[in-house]
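Here's target24.txt, which has compact mmCIF, C-alpha atoms:
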# COMPACT_ATOMS: atom_id res chain seq x y z
CA MET A 4 -16.20 21.86 -4.66
CA ASN A 5 -16.82 19.05 -7.11
CA LEU A 6 -13.95 16.67 -7.66
CA PRO A 7 -12.72 16.73 -11.27
CA ASP A 8 -12.53 13.71 -13.52
CA TRP A 9 -8.81 12.99 -13.33
CA ASP A 10 -9.24 10.40 -16.09
CA ASN A 11 -9.84 13.11 -18.73
CA PRO A 12 -8.41 11.59 -21.96
CA ALA A 13 -7.24 14.96 -23.35
CA TRP A 14 -4.98 15.46 -20.34
CA SER A 15 -3.63 11.92 -20.56
CA GLU A 16 -2.87 12.25 -24.26
CA SER A 17 -0.95 15.47 -23.80
CA LEU A 18 1.00 14.02 -20.86
CA ILE A 19 1.94 10.86 -22.78
CA ARG A 20 3.18 13.06 -25.63
CA LYS A 21 5.24 15.17 -23.24
CA ILE A 22 6.75 12.11 -21.54
CA LYS A 23 7.85 10.70 -24.89
CA GLN A 24 9.21 14.02 -26.15
CA THR A 25 11.12 14.81 -22.96
CA ALA A 26 12.78 11.43 -22.22
CA PRO A 27 16.50 11.88 -23.04
CA ARG A 28 17.05 8.09 -23.31
CA GLU A 29 15.21 4.89 -22.48
CA LEU A 30 14.39 5.05 -18.79
CA ARG A 31 13.55 2.37 -16.23
CA PHE A 32 11.33 3.47 -13.39
CA MET A 33 9.84 1.50 -10.53
CA GLU A 34 6.54 1.83 -8.74
CA VAL A 35 6.32 0.52 -5.19
CA CYS A 36 2.59 0.62 -4.66
CA GLY A 37 0.25 -2.19 -5.66
CA THR A 38 -2.55 0.26 -6.47
CA HIS A 39 -0.19 2.05 -8.87
CA THR A 40 0.69 -1.32 -10.44
CA VAL A 41 -2.93 -2.24 -11.07
CA ASN A 42 -4.05 1.19 -12.23
CA MET A 43 -1.13 1.55 -14.65
CA PHE A 44 -2.24 -1.71 -16.24
CA ARG A 45 -5.92 -0.76 -16.20
CA TYR A 46 -5.28 2.54 -17.95
CA GLY A 47 -2.79 1.01 -20.37
CA ILE A 48 -0.08 3.41 -19.20
CA ARG A 49 2.72 0.83 -19.35
CA GLU A 50 2.30 0.29 -23.08
CA ALA A 51 1.50 3.93 -23.83
CA ILE A 52 4.84 5.27 -22.59
CA GLN A 53 7.11 2.54 -23.96
CA PRO A 54 9.80 2.33 -25.22
CA GLU A 55 10.83 5.72 -23.80
CA VAL A 56 9.85 4.71 -20.26
CA LYS A 57 9.68 1.19 -18.95
CA PHE A 58 8.07 0.52 -15.59
CA ILE A 59 8.99 -2.35 -13.33
CA SER A 60 6.81 -3.28 -10.38
CA GLY A 61 8.56 -3.26 -7.03
CA PRO A 62 7.55 -4.59 -3.64
CA GLY A 63 4.32 -2.59 -3.43
CA CYS A 64 1.88 -5.25 -2.38
CA PRO A 65 2.07 -5.84 1.40
CA VAL A 66 0.65 -9.34 1.10
CA CYS A 67 3.32 -10.23 -1.46
CA VAL A 68 6.22 -9.16 0.72
CA THR A 69 4.96 -10.95 3.84
CA PRO A 70 7.30 -13.92 4.38
CA THR A 71 5.93 -17.47 4.35
CA SER A 72 6.87 -17.84 8.02
CA GLU A 73 4.32 -15.15 9.01
CA ILE A 74 1.62 -16.69 6.81
CA ASP A 75 2.34 -20.04 8.45
CA LYS A 76 1.88 -18.46 11.88
CA ALA A 77 -1.52 -17.07 10.80
CA ILE A 78 -2.57 -20.47 9.48
CA TRP A 79 -1.35 -22.22 12.64
CA LEU A 80 -3.29 -19.76 14.81
CA SER A 81 -6.44 -20.27 12.73
CA GLN A 82 -6.26 -24.00 13.47
CA GLN A 83 -6.21 -23.58 17.25
CA LYS A 84 -9.33 -24.08 19.35
CA ASP A 85 -11.65 -21.10 19.96
CA ILE A 86 -9.76 -18.69 17.71
CA ILE A 87 -11.34 -16.23 15.31
CA ILE A 88 -8.96 -14.69 12.77
CA THR A 89 -9.84 -11.23 11.48
CA THR A 90 -8.06 -10.00 8.38
CA TYR A 91 -8.14 -7.84 5.29
CA GLY A 92 -9.43 -9.96 2.41
CA ASP A 93 -6.13 -10.18 0.53
CA MET A 94 -4.59 -12.51 3.12
CA ILE A 95 -7.09 -15.36 2.79
CA ARG A 96 -5.61 -17.02 -0.27
CA VAL A 97 -1.90 -16.40 0.32
CA PRO A 98 -0.07 -19.70 0.23
CA GLY A 99 1.90 -20.78 3.27
CA SER A 100 4.30 -23.73 3.32
CA ASN A 101 3.27 -26.98 1.62
CA GLY A 102 0.36 -25.46 -0.29
CA THR A 103 -1.59 -24.43 2.81
CA SER A 104 -3.57 -21.18 3.08
CA LEU A 105 -6.17 -19.59 5.33
CA ARG A 106 -8.77 -20.49 2.71
CA LYS A 107 -7.86 -24.15 3.03
CA ALA A 108 -7.88 -23.82 6.82
CA ILE A 109 -11.46 -22.46 6.60
CA ALA A 110 -12.46 -25.56 4.67
CA LYS A 111 -11.15 -27.60 7.60
CA GLY A 112 -13.16 -25.64 10.16
CA ALA A 113 -11.15 -22.50 10.95
CA THR A 114 -13.10 -19.30 11.58
CA VAL A 115 -11.71 -16.41 9.54
CA LYS A 116 -13.61 -13.15 9.18
CA ILE A 117 -12.76 -10.45 6.65
CA VAL A 118 -12.89 -6.95 8.09
CA TYR A 119 -12.98 -3.64 6.23
CA ALA A 120 -11.50 -1.62 9.09
CA ALA A 121 -9.01 -3.00 11.63
CA THR A 122 -11.25 -1.74 14.45
CA ASP A 123 -14.13 -3.97 13.24
CA SER A 124 -12.20 -6.71 15.07
CA ILE A 125 -13.33 -5.15 18.36
CA ASP A 126 -17.03 -5.71 17.60
CA ILE A 127 -16.23 -9.33 16.76
CA ALA A 128 -14.33 -9.73 20.06
CA ILE A 129 -17.23 -8.23 22.04
CA LYS A 130 -19.76 -10.53 20.36
CA ASN A 131 -17.60 -13.59 21.00
CA PRO A 132 -16.39 -13.29 24.62
CA ASP A 133 -15.49 -16.99 24.84
CA LYS A 134 -13.20 -16.82 21.77
CA GLU A 135 -9.81 -15.21 21.20
CA VAL A 136 -9.79 -12.85 18.23
CA VAL A 137 -6.50 -12.48 16.31
CA PHE A 138 -6.14 -9.59 13.86
CA LEU A 139 -3.63 -10.05 11.05
CA ALA A 140 -2.02 -6.61 10.85
CA VAL A 141 -0.47 -6.35 7.40
CA GLY A 142 0.31 -3.28 5.32
CA PHE A 143 2.56 -0.30 4.84
CA GLU A 144 2.31 3.14 6.42
CA THR A 145 -1.16 3.75 4.97
CA THR A 146 -2.57 0.90 7.00
CA SER A 147 -0.44 0.80 10.15
CA PRO A 148 -2.09 3.89 11.76
CA ALA A 149 -5.40 1.95 11.73
CA THR A 150 -3.68 -0.81 13.72
CA ALA A 151 -2.35 1.83 16.13
CA ILE A 152 -5.92 3.05 16.65
CA LEU A 153 -7.05 -0.56 17.17
CA VAL A 154 -4.39 -0.99 19.88
CA LYS A 155 -5.55 2.17 21.67
CA ASP A 156 -9.24 1.23 21.38
CA VAL A 157 -8.61 -2.28 22.73
CA ILE A 158 -6.97 -0.79 25.82
CA GLN A 159 -9.52 1.99 26.26
CA LYS A 160 -12.46 -0.43 25.97
CA GLY A 161 -10.82 -3.06 28.17
CA ILE A 162 -11.02 -5.80 25.53
CA LYS A 163 -9.21 -8.88 26.84
CA ASN A 164 -9.78 -11.39 24.05
CA LEU A 165 -8.03 -9.68 21.13
CA SER A 166 -4.43 -9.95 20.04
CA ILE A 167 -2.50 -8.94 16.94
CA LEU A 168 -0.07 -10.62 14.55
CA VAL A 169 1.97 -7.57 13.59
CA MET A 170 3.48 -7.70 10.09
CA HIS A 171 3.62 -3.98 9.26
CA LYS A 172 6.38 -2.70 7.04
CA VAL A 173 7.96 0.64 6.21
CA ILE A 174 8.54 1.27 2.52
CA PRO A 175 11.52 3.71 2.19
CA PRO A 176 14.12 1.24 3.57
CA ALA A 177 13.00 -1.31 0.94
CA MET A 178 13.50 1.35 -1.74
CA GLU A 179 17.02 1.92 -0.45
CA ALA A 180 17.72 -1.83 -0.43
CA LEU A 181 16.69 -1.93 -4.10
CA LEU A 182 18.91 1.05 -4.96
CA LYS A 183 21.88 -0.65 -3.29
CA ASP A 184 21.35 -3.90 -5.24
CA GLU A 185 23.65 -3.86 -8.24
CA ASP A 186 21.48 -6.32 -10.17
CA ILE A 187 18.65 -3.80 -10.28
CA ALA A 188 19.07 -0.70 -12.41
CA ILE A 189 16.40 1.88 -11.64
CA ASP A 190 16.39 5.48 -12.90
CA GLY A 191 13.79 6.69 -10.42
CA PHE A 192 10.85 5.92 -8.17
CA LEU A 193 7.18 6.71 -8.55
CA CYS A 194 6.50 7.09 -4.83
CA PRO A 195 3.30 5.69 -3.35
CA GLY A 196 0.46 8.19 -2.98
CA HIS A 197 -1.29 7.04 0.15
CA VAL A 198 1.80 5.93 2.04
CA SER A 199 3.03 9.48 1.40
CA VAL A 200 -0.21 10.91 2.81
CA ILE A 201 0.98 9.52 6.14
CA ILE A 202 4.78 9.95 5.96
CA GLY A 203 5.06 13.08 3.78
CA GLU A 204 7.99 13.93 1.50
CA LYS A 205 10.96 13.84 3.89
CA PRO A 206 11.58 10.05 4.05
CA TYR A 207 12.36 10.01 0.30
CA HIS A 208 15.11 12.65 0.37
CA PHE A 209 17.87 10.03 0.45
CA ILE A 210 16.87 9.03 -3.11
CA PRO A 211 18.02 12.22 -4.89
CA GLU A 212 20.62 13.11 -2.24
CA ARG A 213 22.51 9.80 -2.06
CA TYR A 214 21.51 8.10 -5.32
CA HIS A 215 20.84 11.13 -7.58
CA LYS A 216 17.52 9.79 -8.83
CA PRO A 217 14.05 11.31 -8.98
CA ALA A 218 11.40 10.42 -6.39
CA VAL A 219 7.99 11.72 -7.35
CA ILE A 220 4.82 11.14 -5.34
CA GLY A 221 1.88 10.36 -7.60
CA GLY A 222 -1.88 9.92 -7.34
CA PHE A 223 -3.86 7.05 -8.79
CA LYS A 224 -5.98 8.33 -11.66
CA ALA A 225 -4.69 8.29 -15.25
CA SER A 226 -3.64 11.93 -15.46
CA GLU A 227 -2.28 11.94 -11.90
CA ILE A 228 0.01 8.97 -12.59
CA LEU A 229 1.10 10.32 -15.97
CA TYR A 230 1.84 13.74 -14.51
CA ALA A 231 4.09 12.18 -11.87
CA ILE A 232 5.92 10.18 -14.57
CA TYR A 233 6.32 13.34 -16.66
CA ARG A 234 7.91 15.13 -13.69
CA MET A 235 10.33 12.19 -13.22
CA VAL A 236 11.32 12.32 -16.89
CA LEU A 237 11.69 16.10 -16.78
CA GLN A 238 13.96 15.92 -13.71
CA ILE A 239 16.25 13.50 -15.56
CA ALA A 240 16.21 15.60 -18.74
CA GLN A 241 17.18 18.66 -16.71
CA GLY A 242 19.73 16.75 -14.59
CA GLN A 243 18.01 17.83 -11.37
CA PRO A 244 16.77 14.82 -9.43
CA ALA A 245 14.60 15.76 -6.45
CA VAL A 246 11.72 14.70 -4.27
CA GLU A 247 8.60 16.13 -5.82
CA ASN A 248 4.98 15.95 -4.77
CA ALA A 249 2.74 15.51 -7.82
CA TYR A 250 -0.24 14.56 -5.62
CA ARG A 251 -0.40 17.80 -3.68
CA HIS A 252 -4.18 17.91 -3.52
CA VAL A 253 -4.05 14.92 -1.15
CA VAL A 254 -0.46 14.65 0.18
CA ARG A 255 0.80 17.35 2.55
CA SER A 256 4.53 17.98 2.46
CA GLU A 257 4.90 17.07 6.15
CA GLY A 258 2.47 14.10 5.95
CA ASN A 259 -0.33 13.50 8.44
CA LYS A 260 1.15 14.44 11.80
CA ASN A 261 -1.71 12.92 13.79
CA ALA A 262 -1.08 9.59 12.08
CA GLN A 263 2.68 9.91 12.65
CA THR A 264 2.06 10.56 16.36
CA LEU A 265 -0.16 7.47 16.57
CA LEU A 266 2.55 5.37 14.92
CA ARG A 267 5.23 6.70 17.27
CA GLU A 268 3.06 6.03 20.31
CA VAL A 269 2.35 2.40 19.47
CA PHE A 270 5.23 1.08 17.36
CA TYR A 271 8.99 1.14 17.25
CA ILE A 272 11.03 0.60 14.13
CA GLY A 273 13.00 -2.63 13.92
CA ASP A 274 14.52 -5.00 11.38
CA THR A 275 12.14 -7.25 9.54
CA GLU A 276 12.07 -9.96 6.90
CA TRP A 277 10.64 -9.28 3.42
CA ARG A 278 9.79 -12.02 1.00
CA GLY A 279 12.26 -11.81 -1.85
CA LEU A 280 14.28 -8.97 -0.34
CA GLY A 281 15.47 -10.69 2.82
CA ARG A 282 16.03 -8.96 6.15
CA ILE A 283 16.03 -5.18 5.79
CA PRO A 284 17.29 -3.01 8.67
CA GLU A 285 14.72 -0.70 10.27
CA SER A 286 11.93 -1.64 7.88
CA GLY A 287 9.38 -3.12 10.26
CA MET A 288 6.89 -1.65 12.70
CA LEU A 289 6.83 -3.61 15.93
CA LEU A 290 4.68 -3.17 19.02
CA LYS A 291 6.32 -1.19 21.81
CA GLU A 292 6.98 -3.02 25.05
CA GLU A 293 3.96 -1.53 26.83
CA PHE A 294 1.63 -2.91 24.15
CA SER A 295 3.43 -6.21 23.63
CA PHE A 296 0.80 -8.06 25.71
CA LEU A 297 -1.36 -7.70 22.58
CA ASP A 298 1.26 -9.46 20.44
CA VAL A 299 0.24 -13.01 19.46
CA GLU A 300 3.81 -14.09 20.11
CA LYS A 301 3.30 -13.22 23.79
CA ARG A 302 -0.18 -14.71 24.05
CA PHE A 303 0.39 -18.03 22.28
CA GLN A 304 3.17 -20.58 22.33
CA ILE A 305 3.68 -20.71 18.56
CA PRO A 306 5.91 -23.69 17.74
CA GLU A 307 8.80 -23.66 15.25
CA LEU A 308 6.95 -24.05 11.93
CA HIS A 309 9.87 -24.82 9.56
CA SER A 310 8.50 -22.61 6.81
CA LYS A 311 9.63 -22.92 3.23
CA ASP A 312 8.78 -20.93 0.12
CA PRO A 313 6.88 -22.69 -2.66
CA PRO A 314 9.34 -24.63 -4.87
CA GLY A 315 10.00 -23.01 -8.24
CA CYS A 316 8.26 -19.75 -7.28
CA ARG A 317 10.24 -16.66 -8.32
CA CYS A 318 8.15 -14.03 -6.52
CA GLY A 319 11.35 -12.75 -4.92
CA ASP A 320 12.91 -11.92 -8.29
CA VAL A 321 9.61 -10.43 -9.51
CA LEU A 322 9.44 -8.17 -6.44
CA LYS A 323 12.95 -6.89 -7.17
CA GLY A 324 12.18 -6.37 -10.85
CA ILE A 325 14.91 -8.82 -11.87
CA ILE A 326 12.44 -10.79 -13.97
CA GLU A 327 9.03 -9.98 -15.42
CA PRO A 328 6.26 -12.20 -14.04
CA TYR A 329 5.86 -14.09 -17.33
CA GLN A 330 9.55 -15.11 -17.12
CA CYS A 331 8.78 -17.27 -14.09
CA PRO A 332 8.41 -20.89 -15.22
CA LEU A 333 5.28 -21.30 -13.11
CA PHE A 334 3.47 -18.20 -14.45
CA GLY A 335 0.17 -19.00 -16.11
CA LYS A 336 0.91 -22.73 -16.10
CA VAL A 337 0.67 -24.01 -12.55
CA CYS A 338 0.40 -20.55 -10.98
CA THR A 339 -2.81 -18.70 -11.87
CA PRO A 340 -5.13 -16.36 -9.94
CA LEU A 341 -7.48 -19.30 -9.32
CA GLU A 342 -4.71 -21.58 -8.05
CA PRO A 343 -1.87 -19.29 -7.00
CA VAL A 344 1.47 -20.78 -6.02
CA GLY A 345 3.18 -17.56 -4.99
CA PRO A 346 1.82 -14.50 -3.20
CA CYS A 347 2.35 -12.17 -6.19
CA MET A 348 -0.39 -14.09 -8.00
CA VAL A 349 -2.80 -13.97 -5.06
CA SER A 350 -3.54 -10.39 -4.30
CA SER A 351 -5.25 -8.47 -7.10
CA GLU A 352 -2.46 -5.93 -6.58
CA GLY A 353 0.32 -8.48 -6.92
CA SER A 354 2.54 -8.00 -9.99
CA CYS A 355 1.87 -11.51 -11.30
CA ALA A 356 -1.91 -11.22 -10.93
CA ALA A 357 -1.85 -7.82 -12.67
CA TYR A 358 0.28 -9.19 -15.53
CA TYR A 359 -1.97 -12.22 -15.80
CA LYS A 360 -5.08 -10.06 -16.02
CA TYR A 361 -3.83 -7.13 -18.07
CA GLY A 362 -0.32 -7.95 -19.21
CA GLY A 363 -1.05 -9.06 -22.74
CA LYS A 364 1.85 -11.51 -22.52
CA THR A 365 0.53 -14.98 -22.98
CA ILE A 366 2.39 -18.15 -22.28
CA MET B 29 -4.21 -2.46 -0.60
CA CYS B 30 -3.55 1.25 -0.28
CA LEU B 31 -6.64 2.07 -2.27
CA GLY B 32 -8.28 5.32 -1.22
CA ILE B 33 -11.82 6.50 -1.80
CA PRO B 34 -12.66 10.22 -1.78
CA LEU B 35 -15.76 10.91 0.31
CA LYS B 36 -17.58 14.12 1.26
CA VAL B 37 -18.07 14.51 5.01
CA VAL B 38 -21.80 14.94 5.70
CA GLU B 39 -22.04 14.17 9.43
CA ILE B 40 -19.49 14.37 12.24
CA SER B 41 -19.57 12.66 15.61
CA PRO B 42 -15.94 12.13 16.70
CA PRO B 43 -14.22 9.78 16.32
CA TYR B 44 -16.77 8.90 13.64
CA ALA B 45 -18.14 10.71 10.62
CA ILE B 46 -20.38 9.84 7.71
CA GLY B 47 -18.78 10.12 4.30
CA GLU B 48 -20.78 10.20 1.08
CA LEU B 49 -20.05 9.44 -2.54
CA SER B 50 -22.74 9.44 -5.24
CA GLY B 51 -25.47 8.98 -2.63
CA VAL B 52 -23.74 6.06 -0.92
CA ARG B 53 -23.03 6.73 2.74
CA GLN B 54 -20.32 5.11 4.78
CA ARG B 55 -19.37 5.42 8.44
CA ILE B 56 -15.70 6.37 8.73
CA ARG B 57 -13.26 7.16 11.53
CA ILE B 58 -11.67 10.60 11.70
CA ASP B 59 -9.06 9.98 14.44
CA MET B 60 -6.31 11.13 12.05
CA LEU B 61 -8.22 14.28 11.01
CA PRO B 62 -9.76 15.65 14.19
CA LYS B 63 -10.31 19.11 12.65
CA VAL B 64 -12.24 17.98 9.57
CA LYS B 65 -15.35 20.07 8.80
CA LEU B 66 -18.71 19.29 7.22
CA GLY B 67 -18.65 19.50 3.43
CA GLU B 68 -14.91 18.80 3.14
CA TYR B 69 -13.66 15.93 1.03
CA VAL B 70 -11.46 13.32 2.64
CA MET B 71 -9.46 10.39 1.28
CA VAL B 72 -10.60 7.23 3.04
CA HIS B 73 -8.50 4.11 3.39
CA SER B 74 -9.95 0.95 4.99
CA GLY B 75 -12.51 2.89 7.01
CA PHE B 76 -10.20 5.69 8.17
CA ALA B 77 -10.02 9.21 6.74
CA ILE B 78 -6.31 9.73 6.15
CA GLU B 79 -6.21 13.26 4.69
CA LYS B 80 -8.34 16.15 3.53
CA ILE B 81 -8.46 16.85 -0.19
CA SER B 82 -7.32 20.42 -0.73
CA GLU B 83 -9.71 22.47 -2.85
CA LYS B 84 -7.00 24.99 -3.63
CA GLU B 85 -4.61 22.29 -4.88
CA VAL B 86 -7.35 20.54 -6.86
CA ASN B 87 -8.05 23.81 -8.66
CA GLU B 88 -4.35 24.43 -9.32
CA MET B 89 -3.93 20.94 -10.74
CA LEU B 90 -7.03 21.46 -12.90
CA SER B 91 -5.69 24.68 -14.39
CA LEU B 92 -2.28 23.09 -14.94
CA PHE B 93 -3.76 20.13 -16.81
CA GLU B 94 -6.07 22.36 -18.85
CA GLU B 95 -3.11 24.53 -19.79
CA MET B 96 -0.86 21.58 -20.63
CA SER B 97 -3.44 19.91 -22.84
CA LYS B 98 -3.53 22.98 -25.12
CA TYR B 99 -0.04 22.26 -26.40

So, in terms of structure tokens, how does the structure I just supplied come out?
Amino acid sequence: MNLPDWDNPAWSESLIRKIKQTAPRELRFMEVCGTHTVNMFRYGIREAIQPEVKFISGPGCPVCVTPTSEIDKAIWLSQQKDIIITTYGDMIRVPGSNGTSLRKAIAKGATVKIVYAATDSIDIAIKNPDKEVVFLAVGFETTSPATAILVKDVIQKGIKNLSILVMHKVIPPAMEALLKDEDIAIDGFLCPGHVSVIIGEKPYHFIPERYHKPAVIGGFKASEILYAIYRMVLQIAQGQPAVENAYRHVVRSEGNKNAQTLLREVFYIGDTEWRGLGRIPESGMLLKEEFSFLDVEKRFQIPELHSKDPPGCRCGDVLKGIIEPYQCPLFGKVCTPLEPVGPCMVSSEGSCAAYYKYGGKTI
Amino acid sequence: MCLGIPLKVVEISPPYAIGELSGVRQRIRIDMLPKVKLGEYVMVHSGFAIEKISEKEVNEMLSLFEEMSKY
């Protein structure tokens, strides 16, 4: 098999036409995946389907929804003696309290290594037996199975100098929190493609069943995204909201059962804090008791850090879709990708960074 | 962050495999896909193969898009 070019312009054009013809009224949809956010900008999909369909970017960037208090913990840990922080690259520039960040900590002597795979942290721990390696475990269900594998490998290989700051989140409860919020009017969700690879279709059923709105899983190329949007519009036009998988060539209906087993073995589901959305019940993945010796909270005496969000930053309202990024008074003025104030401007998948790069709205 | 890269599996040595795209080879983990076979395409996220890409579904999607673009 050769993989097709899903960016075929003829397909995209026909899908855009169908979306516009089928929409029964002006619709407001939300995507909750940072890769969807960026790709919809890159392909120009946002503009192409307006005014019939307007997309607002939800809490799809894991870095953006990580609360300042967790970032502060990571920065504090990086400043302790004989610590090596391992992390995905996105975390380096995220601002903590008082304008701090891991990047600034590096300038003051902290050792922070970017890893591609979570398990690369093990090689770093083996090569540095006199140091303590701390992995910053951030991400939704696409990423958390890799942390589960890291946990199992650490135990199997008898690694003693590695611990984990667990910040994993589960996306469907955040979608429900948004649906319950009366300030946010959403007609449907474009469900995240690679989170759905892991969790499958079932966790989205509450969306049509309790809220009567479409939930369509979409891929990431132009025609894949547009096809998912077309199916959302069609469901509304036909008055039949449902969970639909428009990324069937990659997402199995039941998800990846091996990954689900790994998650169940290592984590339990508990309440957790989201930046901008507050504390959401059963939306966090936390290490089970038998693995809690790997939790940084057990290994280090982390003091009370008195975290506070950057003054003036409206990332929280951006994450809920209450305002567009350019409506934040800091956007493009004091908050830019080079000098970000809020997390949504840091990660390339953050809504503010995407608007800044592709949005076409200038200040 | 949830970016995925489709790679063709060209070597298997559990829990590792070698995935290839346009001549570039990358070592990946296949813990989540223990039954993957040589020549199959997988979606890879941060070093881990998370799912096989279904040839049957790719072909169905292709025909659907070809059909839709006629009208």

List every residue of chain A that has an atom at most 7 Å from any atom of chain B, and for each one report the closest atom pair and its distance in Å to one decimal, counting all atoms listed in the file, with rows sorted by chain and then by increasing residue number, as CSV.
residue,atom,partner,partner_atom,distance
A:Met4,CA,B:Glu83,CA,6.8
A:Ala13,CA,B:Ser97,CA,6.3
A:Trp14,CA,B:Ser97,CA,5.3
A:Ser17,CA,B:Ser97,CA,5.2
A:Gly37,CA,B:Met29,CA,6.8
A:Thr38,CA,B:Leu31,CA,6.1
A:Cys64,CA,B:Met29,CA,6.9
A:Tyr119,CA,B:Ser74,CA,5.6
A:Ala120,CA,B:Gly75,CA,5.1
A:Thr145,CA,B:Cys30,CA,6.3
A:His197,CA,B:Cys30,CA,6.2
A:Val200,CA,B:Glu79,CA,6.7
A:Arg251,CA,B:Glu85,CA,6.3
A:His252,CA,B:Glu85,CA,4.6
A:Val253,CA,B:Ile81,CA,4.9
A:Asn259,CA,B:Glu79,CA,7.0
A:Asn261,CA,B:Met60,CA,5.2
A:Ala262,CA,B:Met60,CA,5.5

Shell around Val52 of chain B at 12 Å using only C-alpha atoms, local window under 2 positions removed, as a list in words
Ile33, Pro34, Leu35, Lys36, Val37, Val38, Ile46, Gly47, Glu48, Leu49, Ser50, Gln54 and Arg55 of chain B

Suppose we keep C-alpha atoms; can you now write the selection as a compact mmCIF listing (two decimals), in the coordinates of the input?
# COMPACT_ATOMS: atom_id res chain seq x y z
CA ILE B 33 -11.82 6.50 -1.80
CA PRO B 34 -12.66 10.22 -1.78
CA LEU B 35 -15.76 10.91 0.31
CA LYS B 36 -17.58 14.12 1.26
CA VAL B 37 -18.07 14.51 5.01
CA VAL B 38 -21.80 14.94 5.70
CA ILE B 46 -20.38 9.84 7.71
CA GLY B 47 -18.78 10.12 4.30
CA GLU B 48 -20.78 10.20 1.08
CA LEU B 49 -20.05 9.44 -2.54
CA SER B 50 -22.74 9.44 -5.24
CA GLN B 54 -20.32 5.11 4.78
CA ARG B 55 -19.37 5.42 8.44

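Picture a line from atom CA of Glu34 of chain A to atom CA of Ala77 of chain A; it runs 28.4 Å.
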
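With atom CA of Ala177 of chain A on one side and atom CA of Ser286 of chain A on the other, the separation reads 7.0 Å.
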
Contact residues around segment 349-362 of chain A with all atoms listed in the file at 6 Å, ignoring same-chain residues under 3 positions, as a PyMOL selection string:
chain A and resi 37+41+44+64+93+97+328+340+343+346

8 Å contact set for segment 222-233 of chain A, only C-alpha atoms, chain neighbours under 6 positions out, as an MDAnalysis selection string
chainID A and resid 9:11 14:15 18:19 21:22 38:39 42:43 46 48 193 195:196 249:250

Between atom CA of Gly63 of chain A and atom CA of Val219 of chain A lies a distance of 15.3 Å

Residues within 10 Å of (5.4, 9.3, -26.4), counting all atoms listed in the file, listed as a PDB file with C-alpha atoms, keeping the file's coordinate frame:
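Final output, point_32.pdb:
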ATOM      1  CA  GLU A  16      -2.870  12.250 -24.260  1.00  0.00           C
ATOM      2  CA  SER A  17      -0.950  15.470 -23.800  1.00  0.00           C
ATOM      3  CA  LEU A  18       1.000  14.020 -20.860  1.00  0.00           C
ATOM      4  CA  ILE A  19       1.940  10.860 -22.780  1.00  0.00           C
ATOM      5  CA  ARG A  20       3.180  13.060 -25.630  1.00  0.00           C
ATOM      6  CA  LYS A  21       5.240  15.170 -23.240  1.00  0.00           C
ATOM      7  CA  ILE A  22       6.750  12.110 -21.540  1.00  0.00           C
ATOM      8  CA  LYS A  23       7.850  10.700 -24.890  1.00  0.00           C
ATOM      9  CA  GLN A  24       9.210  14.020 -26.150  1.00  0.00           C
ATOM     10  CA  THR A  25      11.120  14.810 -22.960  1.00  0.00           C
ATOM     11  CA  ALA A  26      12.780  11.430 -22.220  1.00  0.00           C
ATOM     12  CA  ALA A  51       1.500   3.930 -23.830  1.00  0.00           C
ATOM     13  CA  ILE A  52       4.840   5.270 -22.590  1.00  0.00           C
ATOM     14  CA  GLN A  53       7.110   2.540 -23.960  1.00  0.00           C
ATOM     15  CA  PRO A  54       9.800   2.330 -25.220  1.00  0.00           C
ATOM     16  CA  GLU A  55      10.830   5.720 -23.800  1.00  0.00           C
ATOM     17  CA  VAL A  56       9.850   4.710 -20.260  1.00  0.00           C
TER      18      VAL A  56
END

Smallest atom-to-atom distance to Lys301 of chain A: which of A:Ser60, A:Gly324, A:Val169, A:Asp123, using only C-alpha atoms?
A:Val169

Please determine the residues with any atom at most 9 Å from (-2.3, -0.8, 15.3) (coordinates as given in the file, with only C-alpha atoms counting) and report them as a CSV table (one decimal) with C-alpha atoms, in the coordinates of the input.
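Listed below is the output, point_28.csv:
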chain,number,residue,atom,x,y,z
A,121,ALA,CA,-9.0,-3.0,11.6
A,140,ALA,CA,-2.0,-6.6,10.8
A,146,THR,CA,-2.6,0.9,7.0
A,147,SER,CA,-0.4,0.8,10.2
A,148,PRO,CA,-2.1,3.9,11.8
A,149,ALA,CA,-5.4,2.0,11.7
A,150,THR,CA,-3.7,-0.8,13.7
A,151,ALA,CA,-2.4,1.8,16.1
A,152,ILE,CA,-5.9,3.0,16.6
A,153,LEU,CA,-7.0,-0.6,17.2
A,154,VAL,CA,-4.4,-1.0,19.9
A,155,LYS,CA,-5.6,2.2,21.7
A,167,ILE,CA,-2.5,-8.9,16.9
A,169,VAL,CA,2.0,-7.6,13.6
A,265,LEU,CA,-0.2,7.5,16.6
A,266,LEU,CA,2.6,5.4,14.9
A,269,VAL,CA,2.4,2.4,19.5
A,270,PHE,CA,5.2,1.1,17.4
A,290,LEU,CA,4.7,-3.2,19.0

So which residues touch Leu308 of chain A within 8 Å, counting all atoms listed in the file, skipping near sequence neighbours fewer than 3 positions away, as a PyMOL selection string?
chain A and resi 72+75-76

Which of these residues is nearest to Gly112 of chain A, using only C-alpha atoms: A:Glu212, A:Glu285, A:Asp85, A:Asp133?
A:Asp85
